[in-house]
>>> print(open('input-v3.cif').read())   # mmCIF, C-alpha atoms
data_run
loop_
_atom_site.label_atom_id
_atom_site.label_comp_id
_atom_site.auth_asym_id
_atom_site.auth_seq_id
_atom_site.Cartn_x
_atom_site.Cartn_y
_atom_site.Cartn_z
CA MET N 1 90.85 56.36 108.91
CA PRO N 2 89.09 53.67 106.86
CA PRO N 3 88.32 54.78 103.27
CA ALA N 4 84.52 54.75 103.72
CA ILE N 5 84.75 57.01 106.78
CA ARG N 6 87.28 59.26 105.02
CA HIS N 7 84.91 59.65 102.04
CA LEU N 8 82.00 60.37 104.38
CA HIS N 9 84.16 62.93 106.23
CA ILE N 10 85.13 64.68 102.98
CA THR N 11 81.53 64.65 101.71
CA ILE N 12 80.26 66.19 104.95
CA MET N 13 83.05 68.78 104.92
CA LEU N 14 82.26 69.84 101.34
CA LEU N 15 78.52 70.01 102.03
CA ILE N 16 79.12 72.10 105.15
CA ILE N 17 81.36 74.51 103.24
CA ALA N 18 78.65 74.76 100.57
CA GLN N 19 76.07 75.42 103.31
CA ILE N 20 78.17 78.23 104.75
CA ILE N 21 78.60 79.84 101.34
CA ILE N 22 74.91 79.42 100.41
CA SER N 23 73.80 80.85 103.77
CA ASN N 24 75.03 84.25 102.61
CA PHE N 25 72.28 84.31 99.99
CA ILE N 26 69.28 82.95 101.90
CA GLU N 27 66.44 85.11 103.16
CA VAL N 28 63.80 84.07 105.63
CA GLU N 29 61.89 87.01 107.06
CA ARG N 30 60.90 87.24 110.71
CA ASN N 31 57.35 86.29 109.70
CA GLY N 32 58.65 83.12 107.99
CA GLU N 33 58.41 84.36 104.40
CA ILE N 34 61.17 83.24 102.05
CA GLY N 35 62.80 85.88 99.86
CA THR N 36 61.17 86.07 96.44
CA SER N 37 64.14 87.06 94.30
CA GLY N 38 65.59 84.16 92.34
CA ILE N 39 68.87 83.90 94.24
CA GLU N 40 67.22 84.20 97.68
CA PHE N 41 64.49 81.69 96.85
CA TYR N 42 66.77 79.05 95.33
CA ALA N 43 69.58 79.56 97.85
CA THR N 44 67.13 79.15 100.74
CA TRP N 45 65.66 75.93 99.38
CA THR N 46 69.12 74.60 98.47
CA HIS N 47 70.22 75.34 102.04
CA PHE N 48 67.17 73.53 103.45
CA ILE N 49 67.58 70.47 101.20
CA THR N 50 71.34 70.21 101.75
CA GLY N 51 70.82 70.64 105.49
CA LEU N 52 68.23 67.86 105.56
CA THR N 53 70.67 65.66 103.63
CA LEU N 54 73.40 66.42 106.17
CA VAL N 55 71.29 65.29 109.14
CA PRO N 56 71.50 61.52 108.45
CA LEU N 57 75.06 61.79 107.09
CA ILE N 58 76.33 63.50 110.24
CA ILE N 59 74.44 61.17 112.55
CA MET N 60 75.92 58.21 110.67
CA PHE N 61 79.42 59.72 110.87
CA VAL N 62 79.17 60.39 114.61
CA VAL N 63 77.80 56.90 115.31
CA LEU N 64 80.59 55.31 113.25
CA GLU N 65 83.26 57.37 115.02
CA PHE N 66 81.85 56.50 118.46
CA LYS N 67 81.69 52.81 117.49
CA ARG N 68 85.24 52.95 116.19
CA HIS N 69 86.81 54.81 119.10
CA GLY N 70 84.27 55.05 121.90
CA PHE N 71 82.88 58.14 123.60
CA SER N 72 85.75 58.51 126.08
CA TYR N 73 88.28 58.70 123.21
CA PHE N 74 86.87 62.11 122.25
CA TYR N 75 85.91 63.27 125.76
CA PRO N 76 88.46 61.72 128.18
CA TYR N 77 88.31 64.72 130.51
CA LEU N 78 84.66 63.91 131.34
CA SER N 79 85.86 60.79 133.13
CA GLY N 80 88.89 62.51 134.66
CA ASN N 81 91.38 61.01 132.21
CA PHE N 82 94.13 63.60 131.65
CA LYS N 83 96.99 61.15 131.02
CA GLN N 84 97.47 62.14 127.37
CA ILE N 85 96.11 65.69 127.52
CA THR N 86 98.77 66.89 129.98
CA PRO N 87 101.80 65.87 127.85
CA ASP N 88 100.09 67.23 124.72
CA ILE N 89 99.56 70.62 126.34
CA LYS N 90 103.15 70.67 127.63
CA GLN N 91 104.37 69.90 124.12
CA LEU N 92 102.21 72.70 122.68
CA LEU N 93 103.58 75.13 125.27
CA SER N 94 107.07 74.28 124.03
CA PHE N 95 105.91 75.27 120.52
CA LYS N 96 105.82 71.70 119.19
CA LEU N 97 102.80 70.13 117.54
CA PRO N 98 101.89 66.95 119.45
CA GLU N 99 101.26 63.76 117.52
CA ALA N 100 97.65 62.62 117.39
CA GLN N 101 97.21 60.18 120.26
CA PRO N 102 94.16 58.38 121.61
CA TYR N 103 92.56 60.47 124.38
CA GLY N 104 94.86 63.37 123.51
CA LEU N 105 94.38 66.91 122.36
CA ALA N 106 93.71 66.01 118.72
CA ALA N 107 91.01 63.54 119.75
CA ILE N 108 89.46 66.12 122.09
CA ILE N 109 89.39 68.69 119.30
CA GLN N 110 87.72 66.12 117.04
CA GLY N 111 85.17 65.56 119.79
CA LEU N 112 84.48 69.28 119.98
CA GLY N 113 83.90 69.28 116.22
CA LEU N 114 81.50 66.34 116.49
CA GLY N 115 79.60 68.11 119.25
CA ALA N 116 79.48 71.40 117.36
CA ILE N 117 78.18 69.83 114.16
CA LEU N 118 75.52 67.87 116.06
CA LEU N 119 74.35 71.13 117.67
CA VAL N 120 74.22 72.86 114.30
CA VAL N 121 72.27 70.14 112.49
CA GLY N 122 70.01 69.71 115.51
CA SER N 123 69.24 73.42 115.71
CA GLY N 124 68.85 73.62 111.92
CA LEU N 125 66.42 70.70 111.86
CA THR N 126 64.47 72.14 114.80
CA TRP N 127 64.35 75.53 113.07
CA PHE N 128 63.13 73.92 109.82
CA ILE N 129 60.39 72.04 111.68
CA GLY N 130 59.42 75.19 113.59
CA TRP N 131 59.34 77.16 110.34
CA ASN N 132 57.13 74.51 108.69
CA ILE N 133 54.58 74.48 111.50
CA GLY N 134 54.63 78.26 111.82
CA ALA N 135 55.83 78.19 115.42
CA ALA N 136 56.11 81.54 117.18
CA TRP N 137 59.64 80.68 118.35
CA GLU N 138 60.87 79.81 114.84
CA HIS N 139 62.85 83.05 114.47
CA ASP N 140 64.64 82.43 117.78
CA LEU N 141 65.65 78.97 116.56
CA LYS N 142 66.96 80.50 113.35
CA GLU N 143 69.12 82.90 115.36
CA LEU N 144 70.36 80.07 117.59
CA HIS N 145 71.22 78.03 114.49
CA GLU N 146 73.16 80.97 113.02
CA PHE N 147 75.01 81.47 116.32
CA LEU N 148 75.96 77.80 116.62
CA THR N 149 77.12 77.77 113.00
CA SER N 150 79.85 80.24 113.95
CA PHE N 151 81.44 77.48 116.08
CA VAL N 152 81.51 75.12 113.09
CA GLU N 153 82.99 77.86 110.92
CA ALA N 154 85.71 78.49 113.50
CA TYR N 155 86.30 74.74 113.78
CA LEU N 156 86.61 74.36 109.99
CA ILE N 157 89.14 77.17 109.79
CA GLY N 158 91.15 76.00 112.80
CA HIS N 159 91.02 72.33 111.83
CA GLY N 160 92.06 73.16 108.28
CA LEU N 161 94.92 75.44 109.33
CA VAL N 162 96.30 72.95 111.86
CA GLY N 163 95.98 70.20 109.24
CA LEU N 164 97.97 72.30 106.77
CA LEU N 165 100.53 73.10 109.47
CA HIS N 166 100.83 69.40 110.24
CA VAL N 167 101.38 68.53 106.56
CA PHE N 168 103.94 71.37 106.25
CA LEU N 169 105.87 70.18 109.30
CA LEU N 170 105.84 66.54 108.12
CA ASN N 171 107.13 67.56 104.69
CA LYS N 172 109.78 69.76 106.28
CA GLU N 173 110.88 66.85 108.49
CA LYS N 174 111.02 64.49 105.47
CA SER N 175 113.12 66.94 103.45
CA ILE N 176 115.61 67.24 106.34
CA ASN N 177 116.04 63.47 106.55
#
>>> encode(input="input-v3.cif", output="structure tokens")
Amino acid sequence: MPPAIRHLHITIMLLIIAQIIISNFIEVERNGEIGTSGIEFYATWTHFITGLTLVPLIIMFVVLEFKRHGFSYFYPYLSGNFKQITPDIKQLLSFKLPEAQPYGLAAIIQGLGLGAILLVVGSGLTWFIGWNIGAAWEHDLKELHEFLTSFVEAYLIGHGLVGLLHVFLLNKEKSIN
């Protein structure tokens, strides 16, 4: 991963983790009113501002990744390409972690993460716009945004744990040699 993309990836990851933590303190009532206590008020506006900052960062990251690898790299199954997925799954079933390969399981999982984060920022931006214009459906968008965020949370946890497992296994292999 080129350094600029790695830094962008880390920045986005840290901002998303901050968003998840901050979201525990925000309050937007069904009628669109923001909580008036200090923590609720500031957490809500911090969440909004950080979310609006994430929109262009995530779009830039996704565009750079698609330019670097292409769409089919992350979603090979959509074009019927299972050449790398099949051996990766067989390797997983034998309790071995497959190496990251183009068009393989790791790339597909990255693609799922890209899709999930696009859905979350898209739903968050749509909710924010709906909230600003006082749309009747604003609360439904908020609930959709919260639901979609659970996929990003699961992705962060899974991605992080598999990354740690990968580092552990590489270090174990190095110490054996």
>>> atom_distance(input="input-v3.cif", atom1="CA of Ile58 in chain N", atom2="CA of Tyr155 in chain N")
15.4 Å
>>> atom_distance(input="input-v3.cif", atom1="CA of Ser123 in chain N", atom2="CA of Lys142 in chain N")
7.8 Å
>>> atom_distance(input="input-v3.cif", atom1="CA of Leu92 in chain N", atom2="CA of Lys174 in chain N")
21.0 Å
>>> closest_residue(input="input-v3.cif", among="N:Gly111, N:Ile85, N:Thr53, N:Glu27", to="Gly70 in chain N", atoms="only C-alpha atoms")
N:Gly111
>>> closest_residue(input="input-v3.cif", among="N:Pro98, N:Thr86, N:Asn132, N:Ile20", to="Thr149 in chain N", atoms="all atoms listed in the file")
N:Ile20
>>> residues_around(input="input-v3.cif", residues="Leu114 in chain N", least_positions_apart="3", cutoff="9 Å", atoms="all atoms listed in the file", output="PyMOL selection string")
chain N and resi 58+61-62+74+109-111+117-119
>>> closest_atom_pairs(input="input-v3.cif", of="range 55-133 of chain N", to="range 35-51 of chain N", cutoff="8 Å", atoms="only C-alpha atoms", output="CSV")
residue,atom,partner,partner_atom,distance
N:Val55,CA,N:Gly51,CA,6.5
N:Val121,CA,N:Gly51,CA,7.2
N:Gly124,CA,N:Gly51,CA,7.4
N:Leu125,CA,N:Gly51,CA,7.7
N:Phe128,CA,N:Phe48,CA,7.6
>>> resolve_selection(input="input-v3.cif", expression="the PyMOL selection byres ((chain N and resi 106) around 12)", output="mmCIF file with C-alpha atoms, keeping the file's coordinate frame")
data_model
loop_
_atom_site.group_PDB
_atom_site.id
_atom_site.type_symbol
_atom_site.label_atom_id
_atom_site.label_comp_id
_atom_site.auth_asym_id
_atom_site.auth_seq_id
_atom_site.Cartn_x
_atom_site.Cartn_y
_atom_site.Cartn_z
ATOM 1 C CA TYR N 73 88.280 58.700 123.210
ATOM 2 C CA PHE N 74 86.870 62.110 122.250
ATOM 3 C CA TYR N 75 85.910 63.270 125.760
ATOM 4 C CA PRO N 76 88.460 61.720 128.180
ATOM 5 C CA GLN N 84 97.470 62.140 127.370
ATOM 6 C CA ILE N 85 96.110 65.690 127.520
ATOM 7 C CA ASP N 88 100.090 67.230 124.720
ATOM 8 C CA ILE N 89 99.560 70.620 126.340
ATOM 9 C CA LEU N 92 102.210 72.700 122.680
ATOM 10 C CA LEU N 97 102.800 70.130 117.540
ATOM 11 C CA PRO N 98 101.890 66.950 119.450
ATOM 12 C CA GLU N 99 101.260 63.760 117.520
ATOM 13 C CA ALA N 100 97.650 62.620 117.390
ATOM 14 C CA GLN N 101 97.210 60.180 120.260
ATOM 15 C CA PRO N 102 94.160 58.380 121.610
ATOM 16 C CA TYR N 103 92.560 60.470 124.380
ATOM 17 C CA GLY N 104 94.860 63.370 123.510
ATOM 18 C CA LEU N 105 94.380 66.910 122.360
ATOM 19 C CA ALA N 107 91.010 63.540 119.750
ATOM 20 C CA ILE N 108 89.460 66.120 122.090
ATOM 21 C CA ILE N 109 89.390 68.690 119.300
ATOM 22 C CA GLN N 110 87.720 66.120 117.040
ATOM 23 C CA GLY N 111 85.170 65.560 119.790
ATOM 24 C CA LEU N 112 84.480 69.280 119.980
ATOM 25 C CA GLY N 113 83.900 69.280 116.220
ATOM 26 C CA GLY N 158 91.150 76.000 112.800
ATOM 27 C CA HIS N 159 91.020 72.330 111.830
ATOM 28 C CA VAL N 162 96.300 72.950 111.860
ATOM 29 C CA GLY N 163 95.980 70.200 109.240
ATOM 30 C CA HIS N 166 100.830 69.400 110.240
#
>>> axis_aligned_box(input="input-v3.cif", around="range 80-92 of chain N", padding_each_side="8 Å", output="JSON")
{"center_x": 96.6, "center_y": 66.9, "center_z": 128.7, "size_x": 31.5, "size_y": 27.7, "size_z": 28.0}
>>> resolve_selection(input="input-v3.cif", expression="the PyMOL selection byres ((chain N and resi 153) around 12)", output="VMD selection string")
chain N and resid 13 16 to 21 113 116 to 117 120 146 to 152 154 to 160
>>> closest_residue(input="input-v3.cif", among="N:Phe95, N:Trp131, N:Phe66, N:Phe71", to="Glu29 in chain N", atoms="all atoms listed in the file")
N:Trp131
>>> closest_residue(input="input-v3.cif", among="N:Lys96, N:Ile129, N:Ser23, N:His139", to="Leu169 in chain N", atoms="all atoms listed in the file")
N:Lys96
>>> residues_around(input="input-v3.cif", residues="Ile5 in chain N", least_positions_apart="3", cutoff="10 Å", atoms="all atoms listed in the file", output="number ranges by chain")
N: 1-2, 8-11, 60-61, 64-65
>>> closest_residue(input="input-v3.cif", among="N:Leu54, N:Asn31, N:Val63, N:Trp127", to="Glu143 in chain N", atoms="only C-alpha atoms")
N:Trp127
>>> closest_residue(input="input-v3.cif", among="N:Gly122, N:Ser72, N:Gly115, N:Phe82", to="Leu141 in chain N", atoms="only C-alpha atoms")
N:Gly122
>>> decode(input="input-v3.cif", residues="range 16-135 of chain N", atoms="C-alpha atoms", output="short mmCIF file (atom, residue, chain, number, x, y, z; two decimals), in the first residue's frame")
data_model
loop_
_atom_site.label_atom_id
_atom_site.label_comp_id
_atom_site.auth_asym_id
_atom_site.auth_seq_id
_atom_site.Cartn_x
_atom_site.Cartn_y
_atom_site.Cartn_z
CA ILE N 16 -14.56 6.11 12.26
CA ILE N 17 -13.57 4.73 15.66
CA ALA N 18 -14.02 8.23 17.11
CA GLN N 19 -17.45 8.44 15.42
CA ILE N 20 -18.52 5.13 16.94
CA ILE N 21 -17.43 6.23 20.41
CA ILE N 22 -19.00 9.70 20.08
CA SER N 23 -22.27 8.20 18.81
CA ASN N 24 -22.88 6.84 22.31
CA PHE N 25 -23.28 10.41 23.58
CA ILE N 26 -25.35 12.04 20.83
CA GLU N 27 -29.03 12.81 21.17
CA VAL N 28 -31.37 13.76 18.36
CA GLU N 29 -35.01 13.48 19.33
CA ARG N 30 -37.66 12.10 17.00
CA ASN N 31 -38.80 15.68 16.35
CA GLY N 32 -35.26 16.65 15.28
CA GLU N 33 -34.26 18.47 18.47
CA ILE N 34 -30.66 18.05 19.61
CA GLY N 35 -30.05 17.21 23.25
CA THR N 36 -29.41 20.33 25.32
CA SER N 37 -27.01 18.96 27.93
CA GLY N 38 -23.40 19.88 27.25
CA ILE N 39 -22.19 16.39 26.38
CA GLU N 40 -25.18 15.61 24.13
CA PHE N 41 -24.99 18.94 22.33
CA TYR N 42 -21.23 18.89 21.70
CA ALA N 43 -21.08 15.17 20.93
CA THR N 44 -23.88 15.53 18.37
CA TRP N 45 -22.21 18.44 16.59
CA THR N 46 -18.80 16.73 16.75
CA HIS N 47 -20.40 13.64 15.20
CA PHE N 48 -21.98 15.74 12.43
CA ILE N 49 -18.77 17.66 11.64
CA THR N 50 -16.56 14.56 11.73
CA GLY N 51 -19.07 12.71 9.56
CA LEU N 52 -19.11 15.52 7.00
CA THR N 53 -15.30 15.44 7.00
CA LEU N 54 -15.35 11.69 6.40
CA VAL N 55 -17.55 11.97 3.29
CA PRO N 56 -14.87 13.38 0.95
CA LEU N 57 -12.09 11.35 2.61
CA ILE N 58 -13.93 8.07 2.09
CA ILE N 59 -14.95 8.94 -1.46
CA MET N 60 -11.32 9.80 -2.23
CA PHE N 61 -10.13 6.55 -0.64
CA VAL N 62 -12.62 4.41 -2.58
CA VAL N 63 -11.80 6.15 -5.86
CA LEU N 64 -8.06 5.70 -5.27
CA GLU N 65 -8.51 2.01 -4.42
CA PHE N 66 -10.67 1.41 -7.51
CA LYS N 67 -8.11 3.25 -9.69
CA ARG N 68 -5.30 1.23 -8.16
CA HIS N 69 -6.91 -2.20 -8.37
CA GLY N 70 -10.09 -1.92 -10.40
CA PHE N 71 -13.64 -2.79 -9.41
CA SER N 72 -13.35 -6.50 -10.25
CA TYR N 73 -10.40 -6.86 -7.84
CA PHE N 74 -12.77 -6.32 -4.91
CA TYR N 75 -15.86 -7.94 -6.45
CA PRO N 76 -14.62 -10.76 -8.73
CA TYR N 77 -17.68 -12.91 -8.01
CA LEU N 78 -19.91 -10.34 -9.75
CA SER N 79 -18.27 -11.29 -13.04
CA GLY N 80 -18.18 -15.00 -12.23
CA ASN N 81 -14.47 -15.04 -11.37
CA PHE N 82 -13.98 -17.64 -8.61
CA LYS N 83 -10.43 -18.69 -9.56
CA GLN N 84 -8.82 -17.30 -6.41
CA ILE N 85 -11.81 -17.47 -4.07
CA THR N 86 -12.12 -21.26 -4.30
CA PRO N 87 -8.53 -22.05 -3.20
CA ASP N 88 -8.77 -19.40 -0.46
CA ILE N 89 -11.91 -20.98 0.96
CA LYS N 90 -10.36 -24.47 0.77
CA GLN N 91 -7.33 -23.17 2.64
CA LEU N 92 -9.58 -21.60 5.30
CA LEU N 93 -11.47 -24.86 5.69
CA SER N 94 -8.16 -26.56 6.43
CA PHE N 95 -7.64 -24.00 9.22
CA LYS N 96 -4.92 -22.05 7.39
CA LEU N 97 -5.04 -18.33 6.77
CA PRO N 98 -4.75 -17.71 3.01
CA GLU N 99 -2.28 -15.14 1.76
CA ALA N 100 -3.80 -11.96 0.39
CA GLN N 101 -4.15 -12.47 -3.36
CA PRO N 102 -5.70 -10.34 -6.08
CA TYR N 103 -9.36 -11.34 -6.56
CA GLY N 104 -9.16 -13.51 -3.44
CA LEU N 105 -10.92 -13.62 -0.13
CA ALA N 106 -8.93 -10.77 1.42
CA ALA N 107 -9.71 -8.51 -1.54
CA ILE N 108 -13.40 -9.46 -1.37
CA ILE N 109 -13.50 -8.65 2.33
CA GLN N 110 -11.87 -5.28 1.59
CA GLY N 111 -14.56 -4.72 -1.03
CA LEU N 112 -17.27 -5.47 1.52
CA GLY N 113 -15.67 -2.90 3.84
CA LEU N 114 -15.59 -0.30 1.06
CA GLY N 115 -19.25 -0.97 0.31
CA ALA N 116 -20.26 -0.84 3.97
CA ILE N 117 -18.50 2.45 4.62
CA LEU N 118 -20.01 4.02 1.49
CA LEU N 119 -23.47 2.98 2.71
CA VAL N 120 -22.81 4.44 6.15
CA VAL N 121 -21.51 7.80 4.94
CA GLY N 122 -24.24 7.96 2.30
CA SER N 123 -26.98 7.26 4.83
CA GLY N 124 -25.38 9.64 7.35
CA LEU N 125 -25.16 12.45 4.80
CA THR N 126 -28.75 11.82 3.66
CA TRP N 127 -29.90 11.82 7.29
CA PHE N 128 -28.04 15.09 7.96
CA ILE N 129 -29.62 16.73 4.91
CA GLY N 130 -33.06 15.39 5.89
CA TRP N 131 -32.57 16.67 9.43
CA ASN N 132 -31.55 20.12 8.14
CA ILE N 133 -34.59 20.49 5.88
CA GLY N 134 -36.92 19.08 8.52
CA ALA N 135 -38.00 16.15 6.36
#
